[in-house]
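Participant: Hey, dropping coords23.cif in here, mmCIF, C-alpha atoms:
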```cif
data_query
#
loop_
_atom_site.label_atom_id
_atom_site.label_comp_id
_atom_site.auth_asym_id
_atom_site.auth_seq_id
_atom_site.Cartn_x
_atom_site.Cartn_y
_atom_site.Cartn_z
CA MET A 1 109.38 80.95 167.48
CA ARG A 2 108.46 77.28 167.75
CA LYS A 3 104.92 76.71 169.03
CA SER A 4 104.35 74.31 171.89
CA ASN A 5 102.18 71.21 171.49
CA GLU A 6 101.72 71.20 175.25
CA GLU A 7 100.27 74.72 175.12
CA ALA A 8 97.90 73.75 172.28
CA LEU A 9 96.76 70.67 174.21
CA GLN A 10 96.00 72.82 177.25
CA ILE A 11 93.99 75.26 175.13
CA ALA A 12 91.99 72.42 173.55
CA THR A 13 91.34 70.86 176.95
CA GLU A 14 90.00 74.10 178.41
CA ILE A 15 87.73 74.70 175.41
CA LEU A 16 86.28 71.19 175.52
CA GLU A 17 85.56 71.52 179.22
CA LEU A 18 83.29 74.44 178.36
CA ILE A 19 81.65 72.66 175.43
CA GLU A 20 81.03 69.46 177.36
CA SER A 21 79.79 71.05 180.57
CA ASP A 22 76.05 70.74 181.28
CA SER A 23 75.95 74.23 182.77
CA LEU A 24 78.26 77.18 183.24
CA ASN A 25 79.12 78.97 186.46
CA GLU A 26 79.43 82.76 186.50
CA LYS A 27 83.21 82.64 186.23
CA GLN A 28 82.97 80.46 183.11
CA LYS A 29 80.37 82.76 181.54
CA ASP A 30 82.59 85.79 182.04
CA GLN A 31 85.58 83.85 180.75
CA ILE A 32 83.80 82.92 177.51
CA ILE A 33 82.92 86.56 176.85
CA GLU A 34 86.47 87.69 177.57
CA ASP A 35 87.93 84.87 175.47
CA SER A 36 85.59 85.54 172.56
CA ILE A 37 86.56 89.20 172.31
CA TYR A 38 90.26 88.34 172.56
CA ASN A 39 90.09 85.48 170.08
CA PHE A 40 88.20 87.44 167.44
CA THR A 41 90.56 90.36 167.88
CA HIS A 42 93.75 88.32 167.59
CA PHE A 43 92.86 85.22 165.58
CA VAL A 44 89.78 85.96 163.43
CA ASN A 45 89.19 89.62 162.58
CA ARG A 46 88.32 92.36 165.04
CA ALA A 47 86.24 94.09 162.38
CA ILE A 48 83.71 91.24 162.65
CA LEU A 49 83.01 92.29 166.23
CA GLU A 50 82.36 95.84 165.10
CA HIS A 51 79.95 94.71 162.39
CA ARG A 52 77.83 92.43 164.53
CA LYS A 53 74.59 93.61 162.97
CA SER A 54 72.49 95.64 165.42
CA ALA A 55 74.34 94.68 168.59
CA SER A 56 76.13 98.06 168.60
CA THR A 57 79.51 98.06 170.31
CA ASP A 58 78.57 95.84 173.25
CA PHE A 59 80.50 92.62 172.70
CA SER A 60 79.16 90.88 175.80
CA PHE A 61 76.35 89.18 173.88
CA VAL A 62 77.86 85.76 173.14
CA GLU A 63 75.51 83.15 171.70
CA TRP A 64 75.48 79.90 173.65
CA GLU A 65 72.13 78.05 173.51
CA ASP A 66 69.10 77.89 171.25
CA GLU A 67 65.76 76.18 170.69
CA GLN A 68 62.68 76.74 168.55
CA ALA A 69 62.42 80.49 167.76
CA ILE A 70 64.80 81.78 170.43
CA PHE A 71 68.46 81.76 171.36
CA ARG A 72 70.25 82.64 174.58
CA ASP A 73 73.59 84.17 175.34
CA THR A 74 76.04 83.09 178.04
CA LYS A 75 74.21 85.33 180.55
CA ASN A 76 70.95 83.47 179.81
CA ARG A 77 69.43 86.51 178.08
CA GLU A 78 66.77 85.22 175.71
CA PHE A 79 66.26 86.67 172.21
CA ILE A 80 63.40 86.19 169.77
CA ASP A 81 65.03 85.28 166.46
CA CYS A 82 63.48 87.22 163.57
CA LEU A 83 66.67 87.00 161.54
CA GLY A 84 66.64 83.22 161.32
CA GLY A 85 70.20 82.92 160.10
CA TYR A 86 69.09 84.70 156.89
CA GLY A 87 66.85 81.74 156.13
CA VAL A 88 68.62 78.84 157.85
CA TYR A 89 66.23 78.35 160.77
CA LEU A 90 62.93 77.73 159.00
CA LEU A 91 62.31 74.77 161.35
CA GLY A 92 63.61 76.70 164.31
CA HIS A 93 66.76 76.07 166.29
CA ARG A 94 67.68 72.42 166.88
CA HIS A 95 64.39 70.88 165.85
CA PRO A 96 64.28 67.60 167.83
CA LYS A 97 63.37 65.45 164.82
CA VAL A 98 66.39 66.71 162.89
CA VAL A 99 68.72 66.41 165.86
CA LYS A 100 67.49 62.85 166.46
CA ALA A 101 68.32 61.81 162.89
CA VAL A 102 71.78 63.36 163.01
CA GLU A 103 72.54 61.76 166.39
CA ALA A 104 71.41 58.37 165.07
CA GLN A 105 73.70 58.66 162.05
CA LEU A 106 76.60 59.88 164.19
CA LYS A 107 76.37 56.69 166.26
CA ARG A 108 76.74 54.68 163.04
CA TYR A 109 79.38 56.58 161.03
CA ALA A 110 79.97 60.29 160.44
CA LEU A 111 81.79 60.74 157.10
CA HIS A 112 82.00 58.46 154.09
CA SER A 113 85.05 56.53 152.94
CA GLN A 114 85.06 58.16 149.47
CA GLU A 115 85.29 54.69 147.88
CA LEU A 116 82.30 52.62 148.97
CA VAL A 117 78.82 53.68 147.88
CA ASP A 118 77.34 56.00 150.54
CA PRO A 119 73.60 55.29 150.70
CA LEU A 120 72.40 58.49 152.35
CA ARG A 121 73.54 60.61 149.42
CA GLY A 122 71.36 58.47 147.18
CA TYR A 123 68.41 58.53 149.56
CA LEU A 124 68.51 62.32 149.89
CA SER A 125 68.82 62.80 146.13
CA LYS A 126 65.78 60.56 145.57
CA LEU A 127 63.82 62.62 148.10
CA VAL A 128 64.87 65.89 146.45
CA ALA A 129 63.67 64.56 143.09
CA ALA A 130 60.30 63.82 144.72
CA ILE A 131 59.74 67.38 145.94
CA THR A 132 61.27 69.62 143.25
CA PRO A 133 59.23 70.99 140.32
CA GLY A 134 58.59 69.20 137.04
CA ASP A 135 61.10 66.63 135.85
CA MET A 136 64.01 67.83 137.99
CA GLN A 137 65.82 64.63 138.95
CA TYR A 138 69.58 64.67 139.51
CA THR A 139 71.26 66.23 142.53
CA TYR A 140 74.83 67.24 143.27
CA LEU A 141 75.32 67.86 147.01
CA THR A 142 77.61 70.62 148.26
CA ASN A 143 78.60 72.48 151.42
CA SER A 144 77.63 76.13 150.81
CA GLY A 145 75.30 78.17 148.66
CA ALA A 146 78.18 79.64 146.68
CA GLU A 147 79.51 76.17 145.94
CA ALA A 148 76.10 75.02 144.74
CA ASN A 149 75.93 77.99 142.39
CA GLU A 150 79.44 77.29 141.12
CA MET A 151 78.29 73.78 140.19
CA ALA A 152 75.28 75.27 138.41
CA PHE A 153 77.51 77.45 136.22
CA LYS A 154 79.82 74.53 135.44
CA LEU A 155 76.94 72.23 134.53
CA ALA A 156 75.37 74.90 132.32
CA ARG A 157 78.59 75.28 130.35
CA LEU A 158 79.09 71.51 130.10
CA ALA A 159 75.52 70.85 128.99
CA THR A 160 75.17 73.68 126.48
CA GLY A 161 78.69 74.18 125.21
CA LYS A 162 78.08 77.92 125.63
CA THR A 163 79.96 80.35 127.85
CA HIS A 164 78.05 83.48 128.88
CA PHE A 165 75.71 84.08 131.82
CA ILE A 166 73.27 86.86 132.59
CA SER A 167 72.10 87.64 136.12
CA THR A 168 70.53 90.67 137.77
CA VAL A 169 71.58 93.93 139.37
CA ASN A 170 71.46 93.59 143.18
CA GLY A 171 71.26 89.82 142.89
CA PHE A 172 73.32 87.82 145.36
CA HIS A 173 74.69 84.35 144.63
CA GLY A 174 77.71 84.00 146.90
CA LYS A 175 81.28 85.26 147.23
CA THR A 176 83.45 82.65 145.54
CA PHE A 177 84.79 83.91 142.20
CA GLY A 178 82.13 82.46 139.92
CA ALA A 179 79.26 83.17 142.28
CA LEU A 180 80.60 86.67 142.91
CA SER A 181 80.87 87.26 139.17
CA SER A 182 77.16 86.51 138.94
CA SER A 183 76.24 88.65 141.95
CA GLY A 184 75.11 92.15 141.13
CA LYS A 185 76.29 94.37 143.99
CA ALA A 186 79.34 96.57 143.49
CA VAL A 187 80.25 96.57 147.18
CA PHE A 188 81.06 92.85 147.00
CA ARG A 189 82.55 92.83 143.50
CA GLU A 190 84.84 95.86 143.28
CA PRO A 191 87.68 94.65 145.54
CA TYR A 192 88.17 91.57 143.33
CA LEU A 193 87.86 92.95 139.80
CA PRO A 194 88.45 91.65 137.21
CA LEU A 195 86.24 88.68 137.94
CA VAL A 196 85.39 85.64 135.81
CA PRO A 197 84.69 86.80 132.24
CA GLY A 198 81.38 86.13 130.54
CA PHE A 199 79.01 87.41 133.24
CA HIS A 200 76.53 90.22 132.49
CA HIS A 201 73.83 91.96 134.54
CA VAL A 202 70.41 93.43 133.79
CA PRO A 203 67.75 94.97 136.09
CA PHE A 204 65.80 92.45 138.17
CA GLY A 205 62.18 92.03 137.10
CA ASP A 206 62.78 93.29 133.56
CA ALA A 207 62.29 90.38 131.15
CA ASP A 208 62.73 92.63 128.12
CA ALA A 209 66.18 93.67 129.36
CA MET A 210 67.09 90.01 129.80
CA GLU A 211 65.99 89.14 126.27
CA ASN A 212 67.76 92.14 124.77
CA ALA A 213 71.00 91.21 126.53
CA ILE A 214 70.82 87.70 125.09
CA LYS A 215 70.10 89.04 121.59
CA GLN A 216 72.98 91.51 121.76
CA LEU A 217 75.42 88.79 122.75
CA GLU A 218 74.15 86.51 120.01
CA ALA A 219 74.48 89.33 117.47
CA THR A 220 78.20 89.54 118.22
CA GLY A 221 78.73 85.78 118.08
CA GLU A 222 78.59 85.15 121.84
CA LYS A 223 76.40 82.36 123.19
CA VAL A 224 74.51 82.42 126.51
CA ALA A 225 74.67 79.23 128.58
CA GLY A 226 72.15 80.39 131.15
CA ILE A 227 70.55 83.09 133.22
CA MET A 228 70.62 83.01 137.03
CA VAL A 229 67.86 84.67 139.02
CA GLU A 230 66.53 84.56 142.59
CA PRO A 231 62.74 84.14 142.81
CA ILE A 232 62.80 87.02 145.30
CA GLN A 233 65.93 89.08 145.83
CA GLY A 234 66.91 88.70 149.48
CA GLU A 235 70.17 90.58 149.97
CA GLY A 236 68.97 93.01 147.29
CA GLY A 237 66.10 94.21 149.50
CA ILE A 238 63.21 91.69 149.30
CA ASN A 239 62.41 92.59 145.70
CA ILE A 240 59.47 90.68 144.19
CA PRO A 241 58.97 90.52 140.41
CA SER A 242 55.69 90.91 138.56
CA ASP A 243 53.67 87.75 137.94
CA ASP A 244 54.64 87.55 134.27
CA TYR A 245 58.40 87.79 134.89
CA PHE A 246 59.33 84.14 135.37
CA PRO A 247 56.93 82.78 132.72
CA ARG A 248 58.59 85.23 130.31
CA LEU A 249 62.07 84.13 131.37
CA ARG A 250 61.08 80.51 130.77
CA GLU A 251 59.90 81.38 127.25
CA ILE A 252 63.04 83.43 126.53
CA CYS A 253 65.35 80.62 127.65
CA ASP A 254 63.48 78.08 125.54
CA GLU A 255 63.58 80.33 122.49
CA HIS A 256 67.31 81.05 122.75
CA GLY A 257 68.49 77.65 123.92
CA CYS A 258 69.86 78.78 127.27
CA LEU A 259 69.17 77.45 130.75
CA LEU A 260 66.98 78.98 133.44
CA ILE A 261 68.95 78.69 136.69
CA VAL A 262 66.99 79.59 139.81
CA ASP A 263 68.85 80.37 143.04
CA GLU A 264 66.60 79.05 145.81
CA ILE A 265 69.30 79.19 148.49
CA GLN A 266 67.23 81.55 150.63
CA THR A 267 63.72 81.11 149.22
CA GLY A 268 63.57 77.32 149.06
CA MET A 269 62.14 74.71 151.44
CA GLY A 270 58.99 76.68 152.30
CA ARG A 271 60.35 80.06 153.37
CA THR A 272 58.06 82.08 151.06
CA GLY A 273 54.83 80.15 151.67
CA THR A 274 55.36 77.69 148.83
CA LEU A 275 57.81 74.80 148.94
CA PHE A 276 60.03 76.67 146.48
CA GLY A 277 59.94 80.35 145.62
CA ILE A 278 59.56 79.60 141.92
CA ASP A 279 56.32 77.72 142.71
CA HIS A 280 54.55 81.08 143.04
CA TRP A 281 54.77 81.32 139.24
CA ASN A 282 54.38 77.62 138.28
CA VAL A 283 57.63 77.60 136.33
CA VAL A 284 60.06 74.67 136.10
CA PRO A 285 63.74 75.73 136.04
CA ASP A 286 66.46 73.79 134.28
CA ILE A 287 68.74 74.02 137.30
CA MET A 288 67.88 74.92 140.90
CA THR A 289 70.21 75.53 143.84
CA LEU A 290 69.17 74.89 147.44
CA GLY A 291 70.69 75.80 150.79
CA LYS A 292 70.03 77.64 154.06
CA ALA A 293 67.02 75.68 155.41
CA PHE A 294 67.92 72.59 153.36
CA GLY A 295 69.86 71.13 156.32
CA GLY A 296 66.90 71.38 158.67
CA GLY A 297 68.52 74.21 160.62
CA VAL A 298 71.04 71.77 162.09
CA MET A 299 73.49 70.74 159.37
CA PRO A 300 75.34 72.77 156.69
CA ILE A 301 74.37 71.26 153.34
CA THR A 302 73.40 72.66 149.95
CA ALA A 303 72.49 71.22 146.58
CA MET A 304 72.31 71.76 142.86
CA VAL A 305 69.37 70.00 141.22
CA ALA A 306 69.01 69.56 137.46
CA ARG A 307 66.74 68.16 134.79
CA PRO A 308 67.90 64.79 133.37
CA HIS A 309 68.79 65.93 129.85
CA LEU A 310 71.55 68.14 131.29
CA TRP A 311 73.32 65.22 132.93
CA LYS A 312 74.71 63.44 129.85
CA LYS A 313 78.22 64.86 130.18
CA MET A 314 78.25 63.63 133.75
CA GLU A 315 77.68 60.08 132.54
CA GLU A 316 80.89 60.28 130.52
CA ASN A 317 82.91 61.36 133.57
CA PRO A 318 81.02 61.49 136.90
CA PHE A 319 83.75 63.63 138.51
CA LEU A 320 83.97 66.20 135.73
CA LEU A 321 81.69 68.60 137.56
CA GLY A 322 83.41 68.21 140.93
CA SER A 323 84.42 65.75 143.64
CA SER A 324 83.63 67.43 146.96
CA THR A 325 85.26 65.66 149.90
CA PHE A 326 82.52 66.62 152.35
CA GLY A 327 79.62 67.27 149.96
CA GLY A 328 76.73 64.94 150.72
CA ASN A 329 78.34 63.49 153.84
CA PRO A 330 76.14 61.14 155.91
CA LEU A 331 75.58 63.49 158.85
CA CYS A 332 74.42 66.35 156.65
CA CYS A 333 72.27 64.07 154.52
CA ALA A 334 70.57 62.69 157.63
CA GLY A 335 69.78 66.24 158.74
CA ALA A 336 68.43 67.21 155.33
CA ILE A 337 66.26 64.09 155.05
CA ALA A 338 64.77 64.69 158.50
CA GLY A 339 64.32 68.37 157.67
CA ILE A 340 62.34 67.63 154.51
CA LYS A 341 60.17 65.08 156.32
CA THR A 342 59.47 67.60 159.08
CA ILE A 343 58.59 70.35 156.60
CA LEU A 344 56.06 68.05 154.95
CA GLU A 345 54.46 66.47 158.01
CA GLU A 346 54.28 69.62 160.17
CA ASN A 347 52.80 71.79 157.39
CA ILE A 348 55.72 74.20 157.62
CA VAL A 349 54.90 75.73 154.23
CA GLU A 350 51.37 76.59 155.35
CA GLN A 351 52.65 77.95 158.65
CA ALA A 352 55.09 80.20 156.80
CA ARG A 353 52.33 81.50 154.54
CA GLU A 354 49.78 82.10 157.31
CA LYS A 355 52.19 83.65 159.79
CA GLY A 356 53.75 85.71 157.03
CA ASP A 357 50.35 87.08 156.03
CA TYR A 358 49.67 87.96 159.66
CA ILE A 359 52.97 89.81 160.05
CA MET A 360 52.53 91.64 156.74
CA GLU A 361 49.04 92.82 157.72
CA ARG A 362 50.26 94.16 161.06
CA LEU A 363 53.30 95.85 159.51
CA ALA A 364 51.16 97.39 156.77
CA GLU A 365 49.04 99.05 159.46
CA ILE A 366 52.17 100.53 161.04
CA GLN A 367 53.46 101.68 157.66
CA LYS A 368 50.21 103.51 156.90
CA ARG A 369 50.41 105.39 160.18
CA TYR A 370 54.08 106.34 159.84
CA PRO A 371 54.97 106.48 156.12
CA GLU A 372 57.64 109.10 156.79
CA VAL A 373 59.55 106.45 158.77
CA MET A 374 58.54 103.12 157.24
CA VAL A 375 58.34 103.68 153.49
CA ALA A 376 57.11 100.24 152.44
CA VAL A 377 56.49 96.65 153.51
CA ARG A 378 56.81 93.74 151.10
CA GLY A 379 57.42 90.03 151.07
CA LYS A 380 56.03 86.54 150.69
CA GLY A 381 55.64 84.04 153.49
CA LEU A 382 58.30 84.58 156.13
CA LEU A 383 60.67 86.49 153.86
CA ILE A 384 59.61 90.05 154.67
CA GLY A 385 61.27 93.42 154.18
CA MET A 386 60.58 96.71 155.93
CA GLU A 387 61.90 99.66 153.93
CA PHE A 388 62.81 102.81 155.85
CA ALA A 389 63.30 106.42 154.85
CA THR A 390 67.06 106.23 155.43
CA ASN A 391 69.71 103.71 156.32
CA GLU A 392 70.16 105.49 159.66
CA VAL A 393 66.49 105.11 160.60
CA GLY A 394 66.53 101.40 159.80
CA PHE A 395 69.69 100.79 161.79
CA GLU A 396 68.32 102.77 164.74
CA LEU A 397 65.21 100.58 164.77
CA ALA A 398 67.33 97.43 164.58
CA LYS A 399 69.40 98.61 167.56
CA ARG A 400 66.30 99.39 169.60
CA LEU A 401 64.81 96.00 168.81
CA PHE A 402 68.07 94.37 169.85
CA ASN A 403 67.81 96.17 173.18
CA ASP A 404 64.36 94.57 173.47
CA GLN A 405 66.07 91.22 172.81
CA ILE A 406 64.64 90.85 169.31
CA LEU A 407 67.03 90.14 166.44
CA VAL A 408 66.23 91.33 162.90
CA GLY A 409 68.32 91.66 159.73
CA GLY A 410 69.65 95.19 159.99
CA THR A 411 73.31 96.16 159.69
CA LEU A 412 75.19 99.44 159.99
CA ASN A 413 75.88 99.57 156.25
CA ASN A 414 72.66 98.01 154.95
CA ALA A 415 69.58 98.88 157.00
CA THR A 416 67.38 100.77 154.55
CA VAL A 417 65.56 97.47 154.12
CA ILE A 418 65.43 95.29 157.22
CA ARG A 419 64.64 91.63 156.75
CA ILE A 420 62.29 89.67 158.99
CA GLU A 421 62.89 85.93 158.54
CA PRO A 422 61.72 84.14 161.69
CA PRO A 423 61.39 80.37 161.98
CA ALA A 424 58.01 79.03 160.90
CA VAL A 425 57.65 77.60 164.41
CA ILE A 426 57.55 81.09 165.93
CA THR A 427 54.41 81.46 168.06
CA TYR A 428 51.78 84.13 167.51
CA LYS A 429 52.54 85.39 171.01
CA GLN A 430 56.17 85.92 170.00
CA ILE A 431 55.06 87.55 166.75
CA ASP A 432 52.85 89.98 168.67
CA THR A 433 55.77 90.82 170.96
CA VAL A 434 57.89 91.67 167.91
CA ILE A 435 55.18 93.66 166.12
CA ASN A 436 54.31 95.65 169.25
CA ALA A 437 57.98 96.52 169.73
CA ILE A 438 58.28 97.65 166.10
CA ASP A 439 55.12 99.74 166.46
CA LYS A 440 56.44 101.38 169.63
CA HIS A 441 59.83 102.26 168.17
CA VAL A 442 58.53 103.45 164.79
CA ALA A 443 56.08 105.74 166.58
CA ASN A 444 58.92 107.10 168.68
CA LEU A 445 61.16 107.62 165.65
CA ALA A 446 58.34 109.52 163.91
CA GLN A 447 58.49 112.05 166.74
CA GLN A 448 62.19 112.71 166.11
CA PRO A 449 62.50 114.91 163.00
CA ALA A 450 66.28 114.88 163.23
CA VAL A 451 66.24 111.10 162.76
CA THR A 452 63.83 110.99 159.81
CA SER A 453 65.09 114.07 157.94
#
```
Mind turning the file's structure into C-alpha cells?

Facilitator:
Amino acid sequence: MRKSNEEALQIATEILELIESDSLNEKQKDQIIEDSIYNFTHFVNRAILEHRKSASTDFSFVEWEDEQAIFRDTKNREFIDCLGGYGVYLLGHRHPKVVKAVEAQLKRYALHSQELVDPLRGYLSKLVAAITPGDMQYTYLTNSGAEANEMAFKLARLATGKTHFISTVNGFHGKTFGALSSSGKAVFREPYLPLVPGFHHVPFGDADAMENAIKQLEATGEKVAGIMVEPIQGEGGINIPSDDYFPRLREICDEHGCLLIVDEIQTGMGRTGTLFGIDHWNVVPDIMTLGKAFGGGVMPITAMVARPHLWKKMEENPFLLGSSTFGGNPLCCAGAIAGIKTILEENIVEQAREKGDYIMERLAEIQKRYPEVMVAVRGKGLLIGMEFATNEVGFELAKRLFNDQILVGGTLNNATVIRIEPPAVITYKQIDTVINAIDKHVANLAQQPAVTS
C-alpha cells in the first residue's frame, strides 16, 4: 500500500507543535503518553516499554523536561536523577554554559561541509591533548562509545601489525561487532556468535592471568596488538581492581610490545573523583576512549585519544582509520569544549570526590546495619554500586525508590548491583533525600524474610 506524503506531513506538524510549545495543556500531556505507548509498541519495540528499568509496568511516566540533577515527566512529576544516564549527566541536565555554547554554534553553522577545514574539531582535539595523561596527543572524534572502541582496535592493529586482543570477563565495551567481541558478558555475546576472531578474555583485576594469556598466544605464534580494560567495571558491577593492577598491566604491555587501551567511556571526565579513572593509579595508556560525560551532558560525542607514535600510519592515509560523517561535528564539539571548561572551572572533579565520599559513608552505615539485605557498597567518586543479597531484592528496592521519584540503575534482569551515578551538581539536600529513602526501604526489606531468603 502506497504511503501518503500528506499523512506524513500531518504527523510531523502535530509532533512539532508539541516540541515547540512553551507549555502543555492537560489534553496534550495525556496525548503524549498515549502516543508514546502506541509508537513504541508499533514502531520501535514494545519490549523496551516492559524493560524500562525500575518503572514497573506503568508506562505513564514520559520524560519531558530536565535541569541540574532532576527531570520531570509530562505530568510535572519531579525525579531526582541518581542514574545520570549511566554517566552522561556529570554536569547535570542542560548545564547552561554547555547549552549556551551549542546555541551559539547553531546560529553560525550546525554540521561541517566535509571538504573545508572545520576548526572546532581541531580546537577540541587540542583541548583533549591538554587534559589527558602523559604524552597523549591525537584525537579521533566519534558518535558513540562503541564506535570509539572500534577505532581503538583498528588503530592498535594498524600501529602494531598484530591481530589479537585480550579484555576482561564482565567487561563492557559496546555492542557493535568489534566492541561486542571485546565485551565479556555472555548475555550480550551469545546471540551473535561467532564474533570477530582474535578476542580473548581473562578475569578482571588479575594481572597474572593477563600476562599468561599473552604468553600462551605468543607461544603458538599469535601476536597481541593490545589489551582493553575499564579502570572500574561499570556494567560488570562497579568492580575496582587492586592498586597494583594497572601498573602491572603497563609493565606487561611494555614488555610484550602490545598496547594498553583504557576504556574511559563511563569513568572519564571526573566521574570517579579524578579527571580520568586511570589517574587513580598514575598510569599513562597508549590509547584511551572517552564518551558519556564528554559531551557536557548535552551533545552525543565520543573520542579515541592516542599517543603520537601510534599515528604514523594515519599520516600515510588520514582516512584509513575511518571517515565518520558526523564524528566531530561543530555542534557536538562546541558542547564538549564547554563541558571540559565547566568541569575545570567549577571543580566538578572535586565535587564528585567529596559527594561520592559522603554517599559511600552513609551507605556503609546502612550496609553494616542490614548486611543480610545490602551485601556490600563500593565505588569511587560518583560511580557507586550497592550489592544486594539477590537480584529480586535489588530490583524491589529500585522499584520502591522509583515510587519515591528517585531513579537509580536497577533493572529487572540486572539488579544484584545497583548503580548510583548522580550528577556532580546534585545538592547535599537531594543526596540526603536519596539516602534516607534507601535507609527506609532497606530496613523494611530486612523485616521481610520471604524477600531476602

Participant: In Å, with one decimal, what is the gap from atom CA of A:Gly328 to atom CA of A:Ala179?

Facilitator: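 Atom CA of A:Ala179 lies 20.2 Å from atom CA of A:Gly328.
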
Participant: I need the residue set behind the PyMOL selection byres ((chain A and resi 203) around 9) for this file; please write it as a list in words.

Facilitator: Ser167, Thr168, Val169, Asn170, His201, Val202, Phe204, Gly205, Asp206, Ala207, Ala209 and Met210 of chain A

Participant: Print the selection's residues with C-alpha atoms to a file, as a PDB file, in the coordinates of the input.

Facilitator:
```pdb
ATOM      1  CA  SER A 167      72.100  87.640 136.120  1.00  0.00           C
ATOM      2  CA  THR A 168      70.530  90.670 137.770  1.00  0.00           C
ATOM      3  CA  VAL A 169      71.580  93.930 139.370  1.00  0.00           C
ATOM      4  CA  ASN A 170      71.460  93.590 143.180  1.00  0.00           C
ATOM      5  CA  HIS A 201      73.830  91.960 134.540  1.00  0.00           C
ATOM      6  CA  VAL A 202      70.410  93.430 133.790  1.00  0.00           C
ATOM      7  CA  PHE A 204      65.800  92.450 138.170  1.00  0.00           C
ATOM      8  CA  GLY A 205      62.180  92.030 137.100  1.00  0.00           C
ATOM      9  CA  ASP A 206      62.780  93.290 133.560  1.00  0.00           C
ATOM     10  CA  ALA A 207      62.290  90.380 131.150  1.00  0.00           C
ATOM     11  CA  ALA A 209      66.180  93.670 129.360  1.00  0.00           C
ATOM     12  CA  MET A 210      67.090  90.010 129.800  1.00  0.00           C
TER      13      MET A 210
END
```

Participant: Could you please determine the separation between atom CA of A:Thr289 and atom CA of A:Asn149 in Å, to one decimal place?

Facilitator: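 Between atom CA of A:Thr289 and atom CA of A:Asn149 the gap is 6.4 Å.
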
Participant: One number please: atom CA of A:Arg362 to atom CA of A:Glu346, in Å, one decimal.

Facilitator: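 These atoms are spaced 24.9 Å apart.
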
Participant: Can you pull out the residues contacting A:Ile70? Cut-off 10 Å, using all atoms listed in the file, and skip same-chain residues under 6 positions away; I want them as number ranges by chain.

Facilitator: A: 78-82, 84, 92-93, 405-407, 422-423, 426, 430

Participant: Mind running stretch 210-284 of chain A against stretch 308-315 of chain A at 12 Å and telling me each contacting residue's nearest atom pair with the distance in Å (one decimal), counting all atoms listed in the file, chain and number ascending, as CSV?

Facilitator:
```
residue,atom,partner,partner_atom,distance
A:Ala225,CA,A:Leu310,CA,11.8
A:Cys258,CA,A:Leu310,CA,11.5
A:Leu259,CA,A:Leu310,CA,9.6
A:Leu260,CA,A:Leu310,CA,12.0
```

Participant: Looking at all atoms listed in the file, which of A:His112, A:Arg77, A:Lys185, A:Arg419 is the one that sits closest to A:Glu65?

Facilitator: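 Of the candidates, the smallest distance to A:Glu65 is held by A:Arg77.
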
Participant: Given the file shown, enumerate the residues that the PyMOL selection byres ((chain A and resi 373-375) around 6) captures and present them as a PyMOL selection string.

Facilitator: chain A and resi 367+370-372+376+387-389
